[in-house]
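> Got start-v5.txt for you, compact mmCIF, C-alpha atoms and all ligand atoms:
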# COMPACT_ATOMS: atom_id res chain seq x y z
CA MET A 1 79.14 125.62 128.64
CA LEU A 2 80.32 128.40 126.39
CA THR A 3 77.62 128.15 123.79
CA ALA A 4 74.64 126.01 123.05
CA GLY A 5 71.74 125.97 120.66
CA PRO A 6 70.90 125.05 117.11
CA ALA A 7 73.36 125.86 114.37
CA ALA A 8 72.44 129.23 112.89
CA ASP A 9 72.40 127.91 109.33
CA ALA A 10 70.25 124.89 110.04
CA PRO A 11 66.79 126.46 110.27
CA GLY A 12 64.08 124.09 111.28
CA HIS A 13 66.53 121.65 112.81
CA ASP A 14 64.73 119.87 115.59
CA SER A 15 67.12 118.51 118.16
CA SER A 16 64.52 115.86 118.92
CA ALA A 17 65.50 114.41 115.52
CA ALA A 18 68.54 113.06 117.34
CA ALA A 19 66.12 111.00 119.41
CA GLU A 20 65.36 108.90 116.33
CA ALA A 21 68.83 107.41 116.23
CA PRO A 22 69.62 105.38 113.11
CA GLY A 23 71.14 101.87 113.17
CA HIS A 24 74.49 102.88 114.65
CA GLY A 25 72.63 104.23 117.71
CA PHE A 26 74.84 107.26 118.40
CA ARG A 27 73.01 110.48 119.31
CA ARG A 28 75.40 112.75 121.15
CA ALA A 29 79.11 113.15 120.56
CA ALA A 30 81.86 115.06 122.29
CA VAL A 31 85.00 115.96 120.36
CA ILE A 32 88.00 116.61 122.63
CA GLY A 33 90.55 118.92 121.02
CA ALA A 34 88.95 121.61 118.88
CA GLY A 35 91.87 122.32 116.53
CA LEU A 36 92.13 121.65 112.83
CA MET A 37 90.85 118.07 112.95
CA GLY A 38 88.45 118.27 115.89
CA ARG A 39 86.31 121.03 114.41
CA GLY A 40 86.14 119.30 111.02
CA ILE A 41 85.19 115.94 112.54
CA ALA A 42 82.56 117.70 114.67
CA ALA A 43 81.02 119.24 111.54
CA VAL A 44 80.77 115.84 109.84
CA LEU A 45 79.24 114.17 112.91
CA ALA A 46 76.69 117.00 113.18
CA SER A 47 75.84 116.66 109.50
CA GLY A 48 74.80 113.07 110.33
CA GLY A 49 72.32 114.35 112.94
CA LEU A 50 74.41 113.92 116.08
CA ASP A 51 74.45 116.72 118.63
CA VAL A 52 78.12 117.57 119.12
CA ILE A 53 80.02 119.36 121.87
CA LEU A 54 83.49 120.61 121.01
CA CYS A 55 85.88 120.70 123.96
CA ASP A 56 89.35 122.21 124.29
CA THR A 57 91.57 123.45 127.08
CA GLU A 58 91.64 126.86 125.37
CA PRO A 59 88.27 128.67 125.68
CA ASP A 60 89.09 130.91 122.70
CA THR A 61 89.76 127.83 120.59
CA VAL A 62 86.39 126.40 121.62
CA ARG A 63 84.56 129.56 120.53
CA GLU A 64 86.46 129.76 117.24
CA ALA A 65 85.95 126.04 116.54
CA VAL A 66 82.20 126.13 117.19
CA ALA A 67 81.84 129.06 114.79
CA ALA A 68 84.01 127.29 112.19
CA ALA A 69 82.11 123.98 112.46
CA ARG A 70 78.77 125.79 112.18
CA SER A 71 79.97 127.64 109.10
CA ARG A 72 80.42 124.40 107.10
CA PRO A 73 77.63 123.55 104.65
CA ALA A 74 74.83 121.59 106.31
CA PRO A 75 72.83 118.86 104.57
CA ALA A 76 69.37 119.84 103.34
CA GLY A 77 67.65 118.02 106.22
CA GLY A 78 69.51 120.05 108.84
CA ARG A 79 72.07 118.82 111.28
CA GLY A 80 72.64 118.21 114.95
CA GLU A 81 73.45 120.99 117.38
CA ILE A 82 77.06 122.15 117.62
CA SER A 83 78.10 123.64 120.95
CA GLY A 84 81.26 123.99 122.98
CA SER A 85 82.74 123.65 126.45
CA ALA A 86 86.14 124.04 128.04
CA ASP A 87 85.10 121.64 130.81
CA LEU A 88 85.98 118.09 129.85
CA ALA A 89 83.77 116.28 132.37
CA ARG A 90 80.73 118.38 131.42
CA ALA A 91 81.42 118.00 127.72
CA VAL A 92 81.39 114.20 127.83
CA GLN A 93 78.82 113.49 130.53
CA ARG A 94 75.89 112.94 128.12
CA ALA A 95 77.90 111.73 125.14
CA ASP A 96 77.57 108.22 123.76
CA LEU A 97 80.55 108.81 121.47
CA VAL A 98 83.74 110.69 122.35
CA VAL A 99 86.30 111.48 119.66
CA GLU A 100 89.70 112.59 120.92
CA ALA A 101 91.67 114.94 118.63
CA VAL A 102 94.21 116.54 120.97
CA VAL A 103 97.93 116.94 120.28
CA GLU A 104 99.87 113.91 119.05
CA ASP A 105 101.49 113.12 122.40
CA LEU A 106 101.01 109.70 123.99
CA ALA A 107 101.12 110.94 127.59
CA VAL A 108 98.56 113.69 126.91
CA LYS A 109 96.25 111.28 125.11
CA GLN A 110 96.52 108.69 127.91
CA GLU A 111 95.60 111.41 130.39
CA VAL A 112 92.60 112.46 128.31
CA PHE A 113 91.37 108.85 128.03
CA ALA A 114 91.80 108.30 131.77
CA ALA A 115 89.73 111.44 132.50
CA VAL A 116 87.09 110.85 129.82
CA SER A 117 86.55 107.20 130.72
CA ALA A 118 86.14 108.12 134.38
CA ALA A 119 83.54 110.76 133.49
CA THR A 120 81.47 108.60 131.16
CA PRO A 121 81.17 104.91 131.96
CA ASP A 122 79.45 103.70 128.78
CA ALA A 123 80.43 105.94 125.85
CA VAL A 124 82.45 104.60 122.95
CA LEU A 125 85.85 106.35 122.95
CA ALA A 126 87.72 106.97 119.68
CA THR A 127 91.16 108.46 119.16
CA ASN A 128 92.10 110.34 116.02
CA THR A 129 95.79 109.66 116.52
CA SER A 130 97.78 109.71 113.29
CA VAL A 131 100.25 106.99 114.21
CA LEU A 132 100.24 106.02 117.89
CA PRO A 133 99.11 102.48 118.75
CA VAL A 134 95.57 102.54 120.10
CA THR A 135 96.28 99.93 122.76
CA ALA A 136 98.92 102.23 124.28
CA ILE A 137 96.55 105.22 124.23
CA ALA A 138 93.90 103.11 126.02
CA ALA A 139 96.35 101.89 128.69
CA ARG A 140 94.94 104.08 131.48
CA ALA A 141 91.30 104.09 130.32
CA GLN A 142 88.54 102.53 132.36
CA GLY A 143 86.95 99.95 130.07
CA PRO A 144 89.56 99.65 127.29
CA GLY A 145 87.10 97.42 125.39
CA ARG A 146 85.25 100.56 124.27
CA VAL A 147 88.37 102.34 122.97
CA LEU A 148 89.34 102.25 119.32
CA GLY A 149 91.08 104.36 116.71
CA THR A 150 89.25 106.28 114.01
CA HIS A 151 91.91 107.95 111.92
CA TRP A 152 90.32 110.73 109.87
CA TRP A 153 92.39 112.51 107.26
CA ASN A 154 92.64 116.23 106.67
CA PRO A 155 90.38 117.83 105.49
CA PRO A 156 88.03 115.52 107.40
CA ASP A 157 84.92 116.60 105.52
CA LEU A 158 86.53 115.86 102.13
CA ILE A 159 88.83 112.84 102.45
CA PRO A 160 86.69 109.71 102.14
CA VAL A 161 88.66 107.09 104.04
CA VAL A 162 88.64 106.81 107.82
CA GLU A 163 90.92 104.07 109.13
CA VAL A 164 89.30 102.10 111.95
CA ILE A 165 91.78 100.50 114.33
CA PRO A 166 90.66 98.13 117.06
CA GLY A 167 93.12 97.96 119.95
CA ARG A 168 94.06 94.58 121.42
CA LEU A 169 91.18 94.81 123.92
CA THR A 170 88.53 96.51 121.77
CA ALA A 171 85.16 94.74 121.73
CA ALA A 172 84.10 93.59 118.24
CA THR A 173 80.66 95.16 118.72
CA VAL A 174 82.24 98.56 119.32
CA THR A 175 84.22 98.34 116.09
CA GLU A 176 81.14 97.27 114.12
CA ARG A 177 79.04 100.09 115.53
CA VAL A 178 81.60 102.73 114.65
CA ILE A 179 82.01 101.30 111.15
CA SER A 180 78.25 101.51 110.80
CA LEU A 181 78.27 105.18 111.88
CA LEU A 182 81.06 106.09 109.46
CA GLY A 183 79.21 104.41 106.59
CA TYR A 184 76.09 106.33 107.58
CA LEU A 185 78.10 109.56 107.44
CA GLY A 186 79.11 108.73 103.85
CA LYS A 187 82.69 107.85 104.78
CA THR A 188 84.67 104.87 103.55
CA PRO A 189 85.66 103.09 106.77
CA VAL A 190 88.69 100.81 106.40
CA ARG A 191 89.42 98.25 109.08
CA VAL A 192 93.08 97.95 110.08
CA ARG A 193 93.68 94.35 111.11
CA ARG A 194 96.52 94.95 113.58
CA ASP A 195 97.19 97.86 115.91
CA VAL A 196 100.55 98.85 114.43
CA ALA A 197 102.12 102.32 114.58
CA GLY A 198 101.13 104.38 111.53
CA PHE A 199 98.26 102.02 110.59
CA ILE A 200 98.04 101.85 106.76
CA GLY A 201 97.88 105.34 105.32
CA ASN A 202 100.63 106.99 107.31
CA ARG A 203 103.01 104.08 106.79
CA LEU A 204 102.56 104.55 103.05
CA GLN A 205 102.73 108.33 103.28
CA HIS A 206 105.79 108.58 105.50
CA ALA A 207 107.78 106.03 103.51
CA LEU A 208 107.49 108.56 100.68
CA TRP A 209 108.22 111.58 102.90
CA ARG A 210 111.32 109.89 104.36
CA GLU A 211 112.67 109.28 100.88
CA ALA A 212 111.83 112.82 99.72
CA ILE A 213 113.68 114.33 102.69
CA THR A 214 116.62 111.96 102.11
CA LEU A 215 116.88 113.03 98.46
CA VAL A 216 117.03 116.68 99.56
CA ALA A 217 119.43 116.02 102.46
CA ASP A 218 121.75 114.04 100.17
CA GLY A 219 121.77 116.83 97.57
CA ILE A 220 120.23 114.70 94.80
CA CYS A 221 117.67 117.47 94.20
CA ASP A 222 116.31 120.54 95.94
CA ALA A 223 113.05 120.59 97.89
CA GLU A 224 111.03 122.17 95.06
CA THR A 225 112.23 119.50 92.62
CA ALA A 226 111.41 116.60 94.96
CA ASP A 227 107.83 117.88 95.22
CA LEU A 228 107.55 118.67 91.52
CA VAL A 229 108.59 115.13 90.57
CA ALA A 230 106.35 113.50 93.20
CA ARG A 231 103.30 115.53 92.14
CA ASN A 232 103.79 115.08 88.42
CA THR A 233 104.71 111.39 88.32
CA VAL A 234 103.37 109.01 90.95
CA GLY A 235 101.11 111.74 92.32
CA LEU A 236 99.17 111.94 89.08
CA ARG A 237 98.53 108.21 89.05
CA LEU A 238 97.91 107.39 92.69
CA ALA A 239 94.30 108.55 92.95
CA ARG A 240 93.39 106.10 90.19
CA MET A 241 95.87 103.25 90.63
CA GLY A 242 97.37 102.25 93.96
CA PRO A 243 100.86 100.78 94.28
CA ILE A 244 99.73 97.17 94.46
CA GLU A 245 97.53 97.39 91.38
CA ASN A 246 100.30 99.33 89.61
CA ALA A 247 102.81 96.58 90.41
CA ASP A 248 100.44 94.00 88.94
CA TYR A 249 99.72 96.28 86.01
CA VAL A 250 103.34 96.74 84.92
CA GLY A 251 104.24 93.14 85.82
CA LEU A 252 105.65 91.63 88.98
CA ASP A 253 108.77 90.52 87.10
CA LEU A 254 109.59 94.17 86.32
CA THR A 255 108.69 95.18 89.88
CA LEU A 256 111.06 92.51 91.23
CA ALA A 257 113.89 93.63 88.94
CA ILE A 258 113.43 97.25 90.03
CA HIS A 259 113.32 96.33 93.71
CA ASP A 260 116.48 94.24 93.33
CA ALA A 261 118.26 97.27 91.90
CA VAL A 262 116.82 100.17 93.91
CA LEU A 263 115.84 98.99 97.38
CA PRO A 264 119.47 98.81 98.60
CA ALA A 265 119.80 102.50 97.64
CA LEU A 266 116.66 103.74 99.41
CA SER A 267 116.65 105.19 102.90
CA ALA A 268 116.04 102.56 105.54
CA GLY A 269 116.53 105.11 108.32
CA ARG A 270 114.94 104.16 111.64
CA GLU A 271 115.33 107.72 112.91
CA PRO A 272 114.09 111.05 111.56
CA SER A 273 116.51 112.72 109.15
CA PRO A 274 119.19 114.93 110.79
CA LEU A 275 118.12 117.64 108.31
CA LEU A 276 114.55 117.51 109.63
CA ARG A 277 115.80 117.63 113.24
CA ALA A 278 118.02 120.63 112.46
CA LEU A 279 115.17 122.60 110.87
CA VAL A 280 112.91 121.95 113.86
CA ARG A 281 115.72 122.89 116.27
CA ARG A 282 116.11 126.23 114.44
CA GLY A 283 112.36 126.88 114.70
CA GLU A 284 111.91 126.56 110.94
CA LEU A 285 108.66 124.62 111.20
CA GLY A 286 107.23 125.32 107.75
CA ALA A 287 104.05 127.26 107.01
CA LYS A 288 103.37 128.12 110.65
CA THR A 289 106.71 129.96 111.08
CA GLY A 290 107.20 131.27 107.54
CA HIS A 291 110.03 128.89 106.61
CA GLY A 292 110.66 125.16 106.52
CA PHE A 293 112.10 123.23 103.59
CA LEU A 294 110.41 125.98 101.55
CA PRO A 295 109.70 129.68 102.20
CA TRP A 296 106.10 130.44 103.24
CA GLY A 297 105.26 134.11 102.76
CA PRO A 298 102.26 135.84 104.37
CA GLY A 299 98.97 134.32 103.21
CA THR A 300 100.56 131.36 101.40
CA ARG A 301 99.37 128.85 103.99
CA ASP A 302 95.73 129.90 103.51
CA THR A 303 96.15 129.82 99.75
CA ALA A 304 97.63 126.32 99.95
CA ALA A 305 94.74 125.15 102.17
CA ARG A 306 92.17 126.55 99.73
CA GLU A 307 93.90 125.06 96.70
CA LEU A 308 94.27 121.67 98.40
CA ALA A 309 90.59 121.58 99.38
CA ALA A 310 89.53 122.57 95.84
CA HIS A 311 91.78 119.90 94.34
CA VAL A 312 90.48 117.15 96.63
CA GLN A 313 86.92 118.30 96.02
CA ALA A 314 87.40 118.22 92.25
CA GLN A 315 88.64 114.63 92.39
CA ARG A 316 85.60 113.41 94.32
CA PRO A 317 83.03 111.43 92.36
CA SER A 318 80.48 114.21 91.89
CA GLY A 319 82.42 117.22 93.12
CA ALA A 320 79.64 117.28 95.72
CA THR A 321 79.71 120.01 98.32
CA ARG A 322 77.56 118.16 100.84
CA CYS A 323 79.56 117.06 103.82
CA CYS A 324 80.46 113.40 103.53
CA ALA A 325 78.74 112.52 100.24
CA ALA A 326 78.75 108.84 99.22
CA LEU A 327 82.14 107.78 98.05
CA PRO A 328 82.33 104.74 95.81
CA ALA A 329 85.19 104.89 93.33
CA PRO A 330 83.85 106.29 90.05
CA PRO A 331 83.96 104.03 86.98
CA LEU A 332 86.68 104.92 84.54
CA PRO A 333 85.38 106.83 81.53
CA ALA A 334 85.87 105.01 78.23
CA PRO A 335 89.03 106.47 76.68
CA PRO A 336 88.13 108.46 73.57
CA SER A 337 90.04 107.08 70.63
CA SER A 338 91.36 110.47 69.50
CA GLY A 339 92.14 111.73 73.01
CA GLN A 340 89.35 114.28 72.50
CA SER A 341 86.01 114.45 74.24
CA PRO A 342 82.85 114.94 72.16
CA SER A 343 83.08 118.63 72.96
CA GLY A 344 86.64 118.72 71.73
CA THR A 345 88.33 119.17 75.10
CA THR A 346 91.33 117.01 75.88
CA GLN A 347 90.64 114.32 78.48
CA HIS A 348 92.93 114.54 81.48
CA SER A 349 90.85 112.60 83.98
CA THR A 350 92.52 109.23 83.48
CA PRO A 351 96.15 109.22 84.47
CA PRO A 352 98.46 107.54 81.99
CA ARG A 353 99.00 103.89 82.73
CA GLY A 354 102.61 103.07 82.52
CA SER A 355 105.86 102.07 84.05
CA PRO A 356 106.63 102.61 87.70
CA GLU A 357 109.45 105.03 86.94
N1 LIG A 401 96.58 117.84 111.10
C1 LIG A 401 96.39 116.75 110.36
O1 LIG A 401 96.55 116.77 109.12
C2 LIG A 401 95.93 115.48 111.01
C3 LIG A 401 95.38 114.47 110.21
C4 LIG A 401 94.93 113.30 110.82
C5 LIG A 401 95.06 113.13 112.19
N2 LIG A 401 95.62 114.12 112.94
C6 LIG A 401 95.72 113.89 114.38
O2 LIG A 401 94.63 114.57 115.00
C7 LIG A 401 95.02 115.02 116.30
C8 LIG A 401 94.82 116.54 116.36
O3 LIG A 401 95.56 117.15 115.34
P1 LIG A 401 95.28 118.65 114.88
O4 LIG A 401 96.07 118.85 113.62
O5 LIG A 401 93.82 118.91 114.88
O6 LIG A 401 95.98 119.44 116.07
P2 LIG A 401 95.73 120.96 116.55
O7 LIG A 401 97.01 121.38 117.17
O8 LIG A 401 95.15 121.77 115.46
O9 LIG A 401 94.60 120.80 117.67
C9 LIG A 401 94.84 120.14 118.89
C10 LIG A 401 93.97 120.82 119.94
O10 LIG A 401 93.99 120.03 121.12
C11 LIG A 401 93.92 120.94 122.21
N3 LIG A 401 94.36 120.22 123.42
C12 LIG A 401 95.62 119.90 123.78
N4 LIG A 401 95.59 119.19 124.93
C13 LIG A 401 94.28 119.08 125.29
C14 LIG A 401 93.59 118.45 126.35
N5 LIG A 401 94.26 117.80 127.32
N6 LIG A 401 92.25 118.52 126.39
C15 LIG A 401 91.55 119.18 125.43
N7 LIG A 401 92.16 119.80 124.38
C16 LIG A 401 93.50 119.73 124.30
C17 LIG A 401 94.80 122.11 121.82
O11 LIG A 401 94.49 123.27 122.57
C18 LIG A 401 94.45 122.23 120.33
O12 LIG A 401 93.40 123.17 120.12
C19 LIG A 401 96.47 114.59 116.48
O13 LIG A 401 96.50 113.35 117.15
C20 LIG A 401 96.96 114.44 115.06
O14 LIG A 401 98.05 113.57 114.94
C21 LIG A 401 96.04 115.29 112.40
Kindly transcribe the structure held in the file into structure tokens.


Amino acid sequence: MLTAGPAADAPGHDSSAAAEAPGHGFRRAAVIGAGLMGRGIAAVLASGGLDVILCDTEPDTVREAVAAARSRPAPAGGRGEISGSADLARAVQRADLVVEAVVEDLAVKQEVFAAVSAATPDAVLATNTSVLPVTAIAARAQGPGRVLGTHWWNPPDLIPVVEVIPGRLTAATVTERVISLLGYLGKTPVRVRRDVAGFIGNRLQHALWREAITLVADGICDAETADLVARNTVGLRLARMGPIENADYVGLDLTLAIHDAVLPALSAGREPSPLLRALVRRGELGAKTGHGFLPWGPGTRDTAARELAAHVQAQRPSGATRCCAALPAPPLPAPPSSGQSPSGTTQHSTPPRGSPE
């Protein structure tokens, strides 16, 4: 163990509180992979009273992740202990829930599930894979009935939805228990009915990214313009009106006419864009190397992370800072007839309802 003990900013936290497990029954979690997602997921689990051990192959990453997870705001009632270990078997031995958040590599994840399942015979095992089928990740696990996908989005403490993906062999009781935990944590768990690559959210997201990259590769616009148009057209509407409701809203006859005309022109590529491959080959990986489609000067990645978190936070129902606040969609405010609020400020909260162009 590298560290153990109550979180410094949770005075009065009594680890025996974890003994009074709520309905979902989870008390102790291990999060394997203490990078960007692992440390955020650990903070949310701890905010729900679970004692959490963060585990990574890199001891420095474990130390940094424990400090980062402890630095997140804790709920008023305190939170579970957050500790760390670079020893996988020790990290999981007392856990009743293990969340895997290592690199997005099927072979590495299969190896982790083989090792974790051998070290803990009864724990529920969840993968945070972004797109890989859960059944494939569970292929070498002992007891694949306890393996499922819980796809958290970044930043995990702010994005409400967690996709829950049962694999082909996952026991129904395991899925229900995890859904119960996520609800308890204030998340919006969404059940994915079939274990398909990309689940729901990343299929939607990467259909858009593929088209954006194609527009740039084909010289229709530059990278800045593709993002500017996406952010200031569909991007403004999406948080209020999803694509299915928007299709209904503008009329399915119009949607059909548009699809007849535009779908043959859209990218149907089954492979990543050659432009994307070339950038990666040249080591132009984006923010982490200083250049990708766009230039990323010193400090711009941190600024982008801060601005993104503030933007997501501002769109949440109450702008609450508590980890995993309740997340029902807020009712739409009644549109003021003059476009002015009682205080005279212009209302921007409701995106314009309009055509799909
Ligand atoms: N970054 C995102 O926006 C995002 C969003 C949702 C889901 N995910 C998924 O979450 C997972 C983690 O992504 P991330 O962005 O946190 O990655 P990351 O690179 O920040 O962290 C991964 C960590 O896993 C560790 N690791 C690698 N192999 C390991 C092993 N065998 N045992 C223990 N630790 C190991 C690495 O040292 C690293 O610290 C991936 O499957 C990714 O697809 C990422």

> Show me, as a Markdown table, the residues of range 168-257 of chain A having an atom within 10 Å of range 106-125 of chain A, each with the closest atom pair and its distance in Å, using all atoms listed in the file.


| residue | atom | partner | partner_atom | distance |
| --- | --- | --- | --- | --- |
| A:Val174 | CA | A:Val124 | CA | 7.1 |
| A:Thr175 | CA | A:Val124 | CA | 9.5 |
| A:Arg177 | CA | A:Val124 | CA | 9.3 |
| A:Val178 | CA | A:Val124 | CA | 8.6 |

> Counting all atoms listed in the file, figure out which residue out of A:Ile244, A:Leu169, A:Leu208, A:Val162 gets nearest to Leu148 in chain A.

A:Leu169

> Neighbouring residues of ligand LIG 401 (chain A) are defined here as those with any atom at most 9 Å from a ligand atom, counting all atoms listed in the file; list them as number ranges by chain.

A: 31-40, 55-59, 61-62, 65, 86-88, 100-106, 108-109, 111-112, 127-132, 151-156

> Got a sec: who's within 12 Å of Ala287 in chain A, counting only C-alpha atoms, leaving out chain neighbours fewer than 6 positions off, as JSON, numbers by chain?

{"A": [293, 294, 295, 296, 297, 298, 299, 300, 301, 302, 303, 304, 305]}

> With distances taken over all atoms listed in the file, which of A:Ala46, A:Ala29, A:Ile220, A:Ala91 is nearest to Leu185 in chain A?

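Closest residue, counting all atoms listed in the file: A:Ala46.
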
> Residues near Arg193 in chain A, anyone? I mean within 10 Å using only C-alpha atoms, not counting same-chain ones fewer than 5 positions away, as a PyMOL selection string.

chain A and resi 164-167+199-200

> Quick one, how far is CA of Leu182 in chain A from CA of Ala76 in chain A?

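For CA of Leu182 in chain A relative to CA of Ala76 in chain A, the distance reads 19.1 Å.
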
> For a cutoff of 6 Å around the file-coordinate point (74.1, 112.0, 120.0), which residues qualify once you count all atoms listed in the file? I'd like the result as a count of residues only.

6

> Can you tell me how far CA of Thr188 in chain A sits from CA of Ser47 in chain A, in Å to one decimal?

15.9 Å

> Suppose you want the space between CA of Ala314 in chain A and CA of Glu163 in chain A; what is it in Å?

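The value is 22.3 Å.
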